[in-house]
>>> print(open('data_13.cif').read())   # mmCIF, C-alpha atoms and all ligand atoms
data_coords
loop_
_atom_site.group_PDB
_atom_site.id
_atom_site.type_symbol
_atom_site.label_atom_id
_atom_site.label_comp_id
_atom_site.auth_asym_id
_atom_site.auth_seq_id
_atom_site.Cartn_x
_atom_site.Cartn_y
_atom_site.Cartn_z
ATOM 1 C CA MET Z 1 0.000 0.000 0.000
ATOM 2 C CA ARG Z 2 1.229 3.492 -0.848
ATOM 3 C CA ARG Z 3 1.207 5.926 2.066
ATOM 4 C CA LYS Z 4 -0.676 9.138 1.463
ATOM 5 C CA LEU Z 5 1.382 12.315 0.990
ATOM 6 C CA ALA Z 6 0.270 15.881 1.683
ATOM 7 C CA ALA Z 7 2.871 18.111 0.037
ATOM 8 C CA GLY Z 8 3.110 21.887 0.034
ATOM 9 C CA ASN Z 9 4.925 24.030 -2.512
ATOM 10 C CA TRP Z 10 5.672 27.469 -1.140
ATOM 11 C CA LYS Z 11 7.076 28.692 -4.468
ATOM 12 C CA MET Z 12 8.757 32.129 -4.073
ATOM 13 C CA PHE Z 13 6.932 32.964 -0.855
ATOM 14 C CA GLY Z 14 8.207 32.992 2.686
ATOM 15 C CA THR Z 15 10.779 34.657 4.916
ATOM 16 C CA THR Z 16 11.886 34.151 8.501
ATOM 17 C CA ALA Z 17 8.468 35.267 9.713
ATOM 18 C CA SER Z 18 6.936 32.254 7.953
ATOM 19 C CA LEU Z 19 8.787 29.678 10.059
ATOM 20 C CA GLY Z 20 5.909 29.862 12.532
ATOM 21 C CA GLU Z 21 3.654 28.327 9.878
ATOM 22 C CA ILE Z 22 5.991 25.318 9.639
ATOM 23 C CA ALA Z 23 5.862 24.953 13.398
ATOM 24 C CA ALA Z 24 2.065 25.159 13.283
ATOM 25 C CA ILE Z 25 1.890 22.523 10.540
ATOM 26 C CA ALA Z 26 4.214 20.335 12.633
ATOM 27 C CA GLY Z 27 1.653 20.699 15.416
ATOM 28 C CA ALA Z 28 -0.312 17.996 13.573
ATOM 29 C CA CYS Z 29 2.477 15.443 14.231
ATOM 30 C CA PRO Z 30 2.357 12.515 14.508
ATOM 31 C CA THR Z 31 0.168 11.748 11.487
ATOM 32 C CA PRO Z 32 0.223 7.941 11.300
ATOM 33 C CA GLY Z 33 -1.604 7.493 7.979
ATOM 34 C CA VAL Z 34 -0.152 10.441 6.102
ATOM 35 C CA ASP Z 35 3.282 11.837 5.278
ATOM 36 C CA ILE Z 36 3.638 15.624 5.221
ATOM 37 C CA LEU Z 37 6.166 17.454 3.055
ATOM 38 C CA VAL Z 38 6.690 21.173 2.619
ATOM 39 C CA CYS Z 39 8.909 22.381 -0.233
ATOM 40 C CA LEU Z 40 10.358 25.696 0.858
ATOM 41 C CA PRO Z 41 12.459 28.449 -0.613
ATOM 42 C CA ALA Z 42 16.026 27.183 -0.203
ATOM 43 C CA THR Z 43 16.788 30.074 2.153
ATOM 44 C CA LEU Z 44 14.439 28.651 4.790
ATOM 45 C CA ILE Z 45 15.194 24.930 4.704
ATOM 46 C CA SER Z 46 17.953 24.649 7.277
ATOM 47 C CA ARG Z 47 16.193 26.924 9.774
ATOM 48 C CA ALA Z 48 12.884 25.127 9.288
ATOM 49 C CA GLN Z 49 14.484 21.869 10.425
ATOM 50 C CA ALA Z 50 14.406 22.945 14.054
ATOM 51 C CA VAL Z 51 10.622 23.311 14.047
ATOM 52 C CA ALA Z 52 9.586 20.748 11.417
ATOM 53 C CA GLY Z 53 8.876 17.736 13.643
ATOM 54 C CA CYS Z 54 7.509 14.954 11.421
ATOM 55 C CA VAL Z 55 7.174 17.333 8.458
ATOM 56 C CA ALA Z 56 9.664 16.486 5.706
ATOM 57 C CA LEU Z 57 11.315 19.421 3.948
ATOM 58 C CA GLY Z 58 12.051 19.840 0.277
ATOM 59 C CA GLY Z 59 13.516 22.198 -2.270
ATOM 60 C CA GLN Z 60 11.775 23.353 -5.447
ATOM 61 C CA ASP Z 61 14.491 22.765 -8.026
ATOM 62 C CA CYS Z 62 18.083 21.577 -8.295
ATOM 63 C CA HIS Z 63 20.809 21.696 -10.908
ATOM 64 C CA ALA Z 64 21.710 18.586 -12.907
ATOM 65 C CA HIS Z 65 25.250 18.734 -11.565
ATOM 66 C CA GLY Z 66 26.366 18.332 -7.957
ATOM 67 C CA GLU Z 67 28.607 21.398 -8.068
ATOM 68 C CA GLY Z 68 30.208 23.760 -10.548
ATOM 69 C CA ALA Z 69 30.385 27.276 -11.923
ATOM 70 C CA HIS Z 70 26.628 27.910 -12.194
ATOM 71 C CA THR Z 71 25.887 31.244 -10.563
ATOM 72 C CA GLY Z 72 22.579 31.344 -8.752
ATOM 73 C CA ASP Z 73 21.852 27.625 -8.973
ATOM 74 C CA ILE Z 74 21.497 25.138 -6.145
ATOM 75 C CA SER Z 75 22.552 21.503 -6.284
ATOM 76 C CA ALA Z 76 21.007 18.343 -4.899
ATOM 77 C CA PRO Z 77 23.855 17.752 -2.396
ATOM 78 C CA MET Z 78 23.338 21.336 -1.152
ATOM 79 C CA LEU Z 79 19.659 20.628 -0.532
ATOM 80 C CA ILE Z 80 20.551 17.460 1.363
ATOM 81 C CA ASP Z 81 23.094 19.459 3.372
ATOM 82 C CA ALA Z 82 20.399 22.008 4.273
ATOM 83 C CA GLY Z 83 18.110 19.250 5.573
ATOM 84 C CA ALA Z 84 15.881 18.503 2.570
ATOM 85 C CA SER Z 85 14.739 14.992 1.720
ATOM 86 C CA HIS Z 86 12.748 15.877 -1.424
ATOM 87 C CA VAL Z 87 12.938 18.232 -4.388
ATOM 88 C CA ILE Z 88 10.233 19.335 -6.809
ATOM 89 C CA LEU Z 89 11.402 19.021 -10.412
ATOM 90 C CA GLY Z 90 9.802 20.043 -13.690
ATOM 91 C CA HIS Z 91 7.121 22.241 -12.158
ATOM 92 C CA SER Z 92 5.154 23.915 -14.956
ATOM 93 C CA GLU Z 93 6.371 27.320 -13.759
ATOM 94 C CA ARG Z 94 9.964 26.210 -14.352
ATOM 95 C CA ARG Z 95 9.045 24.516 -17.608
ATOM 96 C CA SER Z 96 7.595 27.828 -18.830
ATOM 97 C CA ASP Z 97 9.816 30.407 -17.036
ATOM 98 C CA TYR Z 98 13.080 28.599 -17.857
ATOM 99 C CA ARG Z 99 12.066 26.470 -20.831
ATOM 100 C CA GLU Z 100 12.950 23.311 -18.929
ATOM 101 C CA SER Z 101 12.592 20.292 -21.195
ATOM 102 C CA ASP Z 102 11.772 16.726 -20.232
ATOM 103 C CA GLU Z 103 15.454 15.874 -20.793
ATOM 104 C CA THR Z 104 16.536 18.605 -18.368
ATOM 105 C CA VAL Z 105 14.070 17.382 -15.768
ATOM 106 C CA ALA Z 106 15.301 13.799 -16.146
ATOM 107 C CA ALA Z 107 18.935 14.913 -15.745
ATOM 108 C CA LYS Z 108 18.011 16.825 -12.591
ATOM 109 C CA ALA Z 109 16.123 13.802 -11.275
ATOM 110 C CA LEU Z 110 19.215 11.631 -11.704
ATOM 111 C CA SER Z 111 21.291 14.176 -9.793
ATOM 112 C CA ALA Z 112 18.658 14.303 -7.045
ATOM 113 C CA ARG Z 113 18.645 10.507 -6.821
ATOM 114 C CA ALA Z 114 22.429 10.306 -6.659
ATOM 115 C CA ALA Z 115 22.398 12.732 -3.720
ATOM 116 C CA GLY Z 116 19.659 10.805 -1.914
ATOM 117 C CA LEU Z 117 16.727 13.132 -2.563
ATOM 118 C CA THR Z 118 13.268 11.948 -3.606
ATOM 119 C CA ALA Z 119 12.243 13.771 -6.787
ATOM 120 C CA VAL Z 120 8.681 15.078 -7.004
ATOM 121 C CA ILE Z 121 8.367 15.155 -10.792
ATOM 122 C CA CYS Z 122 5.584 17.370 -12.142
ATOM 123 C CA VAL Z 123 3.600 16.773 -15.320
ATOM 124 C CA GLY Z 124 0.443 18.345 -16.692
ATOM 125 C CA GLU Z 125 -1.250 19.657 -19.792
ATOM 126 C CA THR Z 126 -2.218 23.218 -20.761
ATOM 127 C CA LEU Z 127 -5.855 24.208 -21.255
ATOM 128 C CA GLU Z 128 -5.342 24.232 -25.014
ATOM 129 C CA GLN Z 129 -3.968 20.693 -24.904
ATOM 130 C CA ARG Z 130 -6.898 19.478 -22.793
ATOM 131 C CA GLN Z 131 -9.443 21.159 -25.040
ATOM 132 C CA SER Z 132 -7.895 19.589 -28.109
ATOM 133 C CA GLY Z 133 -8.124 16.140 -26.504
ATOM 134 C CA ASP Z 134 -4.354 15.742 -26.103
ATOM 135 C CA ALA Z 135 -4.080 15.698 -22.288
ATOM 136 C CA LEU Z 136 -3.283 11.988 -21.930
ATOM 137 C CA ALA Z 137 -0.774 12.027 -24.785
ATOM 138 C CA VAL Z 138 0.985 15.124 -23.415
ATOM 139 C CA VAL Z 139 1.247 13.712 -19.907
ATOM 140 C CA GLY Z 140 2.314 10.321 -21.271
ATOM 141 C CA GLY Z 141 5.144 12.014 -23.151
ATOM 142 C CA GLN Z 142 6.201 14.022 -20.099
ATOM 143 C CA LEU Z 143 6.246 10.879 -17.941
ATOM 144 C CA ALA Z 144 8.330 8.997 -20.494
ATOM 145 C CA GLY Z 145 10.789 11.861 -20.931
ATOM 146 C CA SER Z 146 11.052 13.319 -17.426
ATOM 147 C CA ILE Z 147 11.333 10.200 -15.265
ATOM 148 C CA PRO Z 148 14.695 8.485 -15.597
ATOM 149 C CA ASP Z 149 15.072 4.692 -15.685
ATOM 150 C CA GLY Z 150 15.319 3.044 -12.299
ATOM 151 C CA ALA Z 151 12.534 5.054 -10.670
ATOM 152 C CA SER Z 152 11.086 3.571 -7.494
ATOM 153 C CA GLY Z 153 8.663 4.431 -4.745
ATOM 154 C CA ALA Z 154 11.610 5.610 -2.651
ATOM 155 C CA ASN Z 155 13.245 7.932 -5.175
ATOM 156 C CA THR Z 156 10.247 9.271 -7.117
ATOM 157 C CA VAL Z 157 6.853 10.900 -6.584
ATOM 158 C CA VAL Z 158 4.775 12.072 -9.555
ATOM 159 C CA ALA Z 159 2.589 15.179 -9.328
ATOM 160 C CA TYR Z 160 -0.133 15.648 -11.932
ATOM 161 C CA GLU Z 161 -0.705 19.378 -12.132
ATOM 162 C CA PRO Z 162 -2.833 20.607 -15.031
ATOM 163 C CA VAL Z 163 -1.286 23.978 -15.893
ATOM 164 C CA TRP Z 164 -4.688 25.642 -16.197
ATOM 165 C CA ALA Z 165 -5.648 24.593 -12.652
ATOM 166 C CA ILE Z 166 -2.593 26.113 -10.965
ATOM 167 C CA GLY Z 167 -3.450 29.227 -8.997
ATOM 168 C CA THR Z 168 -6.702 29.733 -10.905
ATOM 169 C CA GLY Z 169 -9.315 28.215 -8.602
ATOM 170 C CA LEU Z 170 -10.262 25.896 -11.461
ATOM 171 C CA THR Z 171 -9.955 22.121 -11.128
ATOM 172 C CA PRO Z 172 -10.674 19.236 -13.459
ATOM 173 C CA SER Z 173 -13.769 17.210 -12.640
ATOM 174 C CA VAL Z 174 -13.267 14.214 -10.382
ATOM 175 C CA GLU Z 175 -13.866 12.056 -13.483
ATOM 176 C CA GLU Z 176 -11.063 13.839 -15.339
ATOM 177 C CA ILE Z 177 -8.733 13.514 -12.348
ATOM 178 C CA GLY Z 178 -9.602 9.816 -12.055
ATOM 179 C CA GLU Z 179 -9.002 9.213 -15.757
ATOM 180 C CA MET Z 180 -5.593 10.899 -15.651
ATOM 181 C CA HIS Z 181 -4.457 9.249 -12.422
ATOM 182 C CA GLY Z 182 -5.524 5.832 -13.719
ATOM 183 C CA PHE Z 183 -3.574 6.522 -16.912
ATOM 184 C CA ILE Z 184 -0.460 7.580 -14.959
ATOM 185 C CA ARG Z 185 -0.716 4.551 -12.669
ATOM 186 C CA ARG Z 186 -0.860 2.184 -15.656
ATOM 187 C CA ALA Z 187 2.078 3.924 -17.337
ATOM 188 C CA LEU Z 188 4.214 3.662 -14.191
ATOM 189 C CA ARG Z 189 3.280 -0.005 -13.705
ATOM 190 C CA GLU Z 190 4.048 -0.842 -17.334
ATOM 191 C CA ARG Z 191 7.441 0.818 -17.270
ATOM 192 C CA PHE Z 192 8.674 0.105 -13.750
ATOM 193 C CA GLY Z 193 6.730 -3.011 -12.701
ATOM 194 C CA THR Z 194 6.151 -3.444 -8.978
ATOM 195 C CA GLU Z 195 8.362 -0.427 -8.225
ATOM 196 C CA GLY Z 196 6.102 1.640 -10.467
ATOM 197 C CA ASP Z 197 3.199 0.585 -8.327
ATOM 198 C CA ALA Z 198 4.986 2.014 -5.273
ATOM 199 C CA ILE Z 199 5.441 5.497 -6.830
ATOM 200 C CA ARG Z 200 2.935 7.917 -5.331
ATOM 201 C CA VAL Z 201 0.898 10.077 -7.693
ATOM 202 C CA LEU Z 202 -0.295 13.415 -6.302
ATOM 203 C CA TYR Z 203 -2.879 15.771 -7.737
ATOM 204 C CA GLY Z 204 -1.994 19.488 -7.758
ATOM 205 C CA GLY Z 205 -3.830 22.614 -8.879
ATOM 206 C CA SER Z 206 -6.160 24.721 -6.711
ATOM 207 C CA VAL Z 207 -6.458 22.136 -3.933
ATOM 208 C CA LYS Z 208 -8.238 23.840 -1.017
ATOM 209 C CA PRO Z 209 -9.872 22.715 2.229
ATOM 210 C CA ALA Z 210 -13.251 22.908 0.438
ATOM 211 C CA ASN Z 211 -12.408 20.480 -2.395
ATOM 212 C CA ALA Z 212 -9.731 18.261 -0.821
ATOM 213 C CA ALA Z 213 -12.007 15.459 0.410
ATOM 214 C CA ASP Z 214 -13.667 15.072 -3.008
ATOM 215 C CA ILE Z 215 -10.299 14.940 -4.774
ATOM 216 C CA PHE Z 216 -8.849 12.482 -2.245
ATOM 217 C CA ALA Z 217 -11.810 10.146 -2.754
ATOM 218 C CA VAL Z 218 -10.765 9.665 -6.397
ATOM 219 C CA PRO Z 219 -9.109 6.276 -7.010
ATOM 220 C CA ASP Z 220 -5.346 6.421 -7.656
ATOM 221 C CA VAL Z 221 -4.953 9.838 -5.978
ATOM 222 C CA ASP Z 222 -2.265 9.353 -3.320
ATOM 223 C CA GLY Z 223 -2.319 12.905 -2.015
ATOM 224 C CA ALA Z 224 -1.823 16.470 -3.174
ATOM 225 C CA LEU Z 225 0.793 19.019 -4.116
ATOM 226 C CA VAL Z 226 -0.645 22.233 -2.730
ATOM 227 C CA GLY Z 227 0.500 25.747 -3.624
ATOM 228 C CA GLY Z 228 -1.327 28.735 -2.178
ATOM 229 C CA ALA Z 229 -3.207 26.788 0.486
ATOM 230 C CA SER Z 230 0.057 25.401 1.919
ATOM 231 C CA LEU Z 231 1.353 28.811 2.986
ATOM 232 C CA LYS Z 232 -0.852 29.005 6.062
ATOM 233 C CA ALA Z 233 -1.226 26.157 8.522
ATOM 234 C CA ALA Z 234 -4.881 27.138 8.945
ATOM 235 C CA ASP Z 235 -5.467 26.256 5.278
ATOM 236 C CA PHE Z 236 -3.046 23.343 4.950
ATOM 237 C CA LEU Z 237 -4.014 21.413 8.080
ATOM 238 C CA PRO Z 238 -7.640 20.826 6.979
ATOM 239 C CA ILE Z 239 -6.202 19.373 3.750
ATOM 240 C CA VAL Z 240 -3.948 17.072 5.791
ATOM 241 C CA ARG Z 241 -6.998 16.037 7.851
ATOM 242 C CA ALA Z 242 -8.991 15.312 4.702
ATOM 243 C CA LEU Z 243 -6.163 13.094 3.487
ATOM 244 C CA GLU Z 244 -6.043 11.319 6.840
ATOM 245 C CA GLY Z 245 -9.761 10.682 6.382
ATOM 246 C CA ALA Z 246 -9.114 9.177 2.941
ATOM 247 C CA ALA Z 247 -6.255 7.066 4.331
ATOM 248 C CA GLY Z 248 -8.622 5.612 6.900
ATOM 249 C CA GLN Z 249 -11.133 4.427 4.278
HETATM 250 P P1 LIG P 1 -2.082 26.173 -6.276
HETATM 251 O O1 LIG P 1 -2.463 25.142 -5.225
HETATM 252 O O2 LIG P 1 -1.813 27.510 -5.730
HETATM 253 O O3 LIG P 1 -3.032 26.131 -7.416
HETATM 254 O O4 LIG P 1 -0.642 25.688 -6.873
HETATM 255 C C1 LIG P 1 -0.486 24.370 -7.255
HETATM 256 C C2 LIG P 1 0.945 24.123 -7.528
HETATM 257 O O5 LIG P 1 1.500 24.643 -8.486
HETATM 258 C C3 LIG P 1 1.690 23.283 -6.600
HETATM 259 O O6 LIG P 1 2.935 22.943 -7.101
#
>>> encode(input="data_13.cif", output="structure tokens")
Amino acid sequence: MRRKLAAGNWKMFGTTASLGEIAAIAGACPTPGVDILVCLPATLISRAQAVAGCVALGGQDCHAHGEGAHTGDISAPMLIDAGASHVILGHSERRSDYRESDETVAAKALSARAAGLTAVICVGETLEQRQSGDALAVVGGQLAGSIPDGASGANTVVAYEPVWAIGTGLTPSVEEIGEMHGFIRRALRERFGTEGDAIRVLYGGSVKPANAADIFAVPDVDGALVGGASLKAADFLPIVRALEGAAGQ
């Protein structure tokens, strides 16, 4: 059985004053049926460790190389050193802001794996691609290109984040989420066998306390990658509770 995962992505939000939110989220510990992860700005990771309790910490990107002359970049060993156990890779904002390709994401994932980080690899179609009926094909291509060989439940998490649902308040229907998660599950199983079955698949895109329980009731949804609603414990904790409810079913 895959354990449920409630993951937050703080994106480019958060300063020292925000550490109290991590402490408040950690107030939910222990959470026996659910793992909690918060992916922070790199500047906060090492200081968050002191207050994180059972909450795992992650970065939001890493370079494909462990070190080198790459001004402004951060490497997987640096994230480990700061206290991270996970790193988000291939988020749609990086794919669009920095033109990250599937090949780049796969190279970063290999670097993350070599350092001992679990890669949270993001995939998802644009609204145009969904409306033209290409969503499954697009996500299938991203999975094939962005996840390196040798993926396992320990080194990889997949996050399905439809681009048009991120930060918009829009979400796919539960039928559409179920169709996509079933498709991703089959693709992982076909390519990676029993290890593919152990890879958790999260839904991301406008997950809020009000819609979390409905999304978590969808088969093959192992949790969520939450943006805006992860910044405040008062919003994130009800989502964690909804996932605990789904884990108990
Ligand atoms: P929102 O939850 O703010 O829509 O963001 C989703 C996301 O991009 C998480 O990585």
>>> atom_distance(input="data_13.cif", atom1="atom CA of Z:Gly133", atom2="atom CA of Z:Leu170")
18.1 Å
>>> closest_atom_pairs(input="data_13.cif", of="stretch 23-118 of chain Z", to="stretch 202-222 of chain Z", cutoff="12 Å", atoms="all atoms listed in the file", output="CSV")
residue,atom,partner,partner_atom,distance
Z:Gly33,CA,Z:Asp222,CA,11.5
Z:Val34,CA,Z:Asp222,CA,9.7
Z:Asp35,CA,Z:Asp222,CA,10.5
Z:His91,CA,Z:Gly204,CA,10.5
Z:Ser92,CA,Z:Gly205,CA,10.9
>>> residues_near_point(input="data_13.cif", point="(-1.9, 15.8, -22.7)", cutoff="12 Å", atoms="all atoms listed in the file", output="ChimeraX atom specification")
/Z:123-143,160-163,176,179-180,183-184
>>> axis_aligned_box(input="data_13.cif", around="ligand LIG 1 (chain P)", padding_each_side="5 Å", output="JSON")
{"center_x": 0.0, "center_y": 25.2, "center_z": -6.9, "size_x": 16.0, "size_y": 14.6, "size_z": 13.3}
>>> resolve_selection(input="data_13.cif", expression="the PyMOL selection byres (((chain Z and resi 116) around 8) and not hetatm)", output="PDB file with C-alpha atoms, in the coordinates of the input")
ATOM      1  CA  ILE Z  80      20.551  17.460   1.363  1.00  0.00           C
ATOM      2  CA  SER Z  85      14.739  14.992   1.720  1.00  0.00           C
ATOM      3  CA  ALA Z 112      18.658  14.303  -7.045  1.00  0.00           C
ATOM      4  CA  ARG Z 113      18.645  10.507  -6.821  1.00  0.00           C
ATOM      5  CA  ALA Z 114      22.429  10.306  -6.659  1.00  0.00           C
ATOM      6  CA  ALA Z 115      22.398  12.732  -3.720  1.00  0.00           C
ATOM      7  CA  LEU Z 117      16.727  13.132  -2.563  1.00  0.00           C
ATOM      8  CA  THR Z 118      13.268  11.948  -3.606  1.00  0.00           C
ATOM      9  CA  ASN Z 155      13.245   7.932  -5.175  1.00  0.00           C
TER      10      ASN Z 155
END
>>> atom_distance(input="data_13.cif", atom1="atom O6 of ligand LIG 1 (chain P)", atom2="atom CA of Z:Ala242")
18.4 Å
>>> atom_distance(input="data_13.cif", atom1="atom CA of Z:Thr31", atom2="atom O4 of ligand LIG 1 (chain P)")
23.1 Å
>>> closest_residue(input="data_13.cif", among="Z:Thr16, Z:Thr171, Z:Ser111, Z:Thr156", to="ligand LIG 1 (chain P)", atoms="all atoms listed in the file")
Z:Thr171
>>> closest_residue(input="data_13.cif", among="Z:Met12, Z:Val105, Z:Ala247, Z:Ile88", to="ligand LIG 1 (chain P)", atoms="only C-alpha atoms and all ligand atoms")
Z:Ile88
>>> closest_residue(input="data_13.cif", among="Z:Ala144, Z:Ile177, Z:Leu110, Z:Ala154", to="Z:Glu190", atoms="all atoms listed in the file")
Z:Ala144
>>> residues_near_point(input="data_13.cif", point="(6.4, 28.6, 12.5)", cutoff="10 Å", atoms="only C-alpha atoms", output="short mmCIF file (atom, residue, chain, number, x, y, z; two decimals) with C-alpha atoms, keeping the file's coordinate frame")
data_model
loop_
_atom_site.label_atom_id
_atom_site.label_comp_id
_atom_site.auth_asym_id
_atom_site.auth_seq_id
_atom_site.Cartn_x
_atom_site.Cartn_y
_atom_site.Cartn_z
CA THR Z 16 11.89 34.15 8.50
CA ALA Z 17 8.47 35.27 9.71
CA SER Z 18 6.94 32.25 7.95
CA LEU Z 19 8.79 29.68 10.06
CA GLY Z 20 5.91 29.86 12.53
CA GLU Z 21 3.65 28.33 9.88
CA ILE Z 22 5.99 25.32 9.64
CA ALA Z 23 5.86 24.95 13.40
CA ALA Z 24 2.06 25.16 13.28
CA ILE Z 25 1.89 22.52 10.54
CA ALA Z 26 4.21 20.34 12.63
CA GLY Z 27 1.65 20.70 15.42
CA ALA Z 48 12.88 25.13 9.29
CA ALA Z 50 14.41 22.94 14.05
CA VAL Z 51 10.62 23.31 14.05
CA ALA Z 52 9.59 20.75 11.42
CA LYS Z 232 -0.85 29.00 6.06
CA ALA Z 233 -1.23 26.16 8.52
#
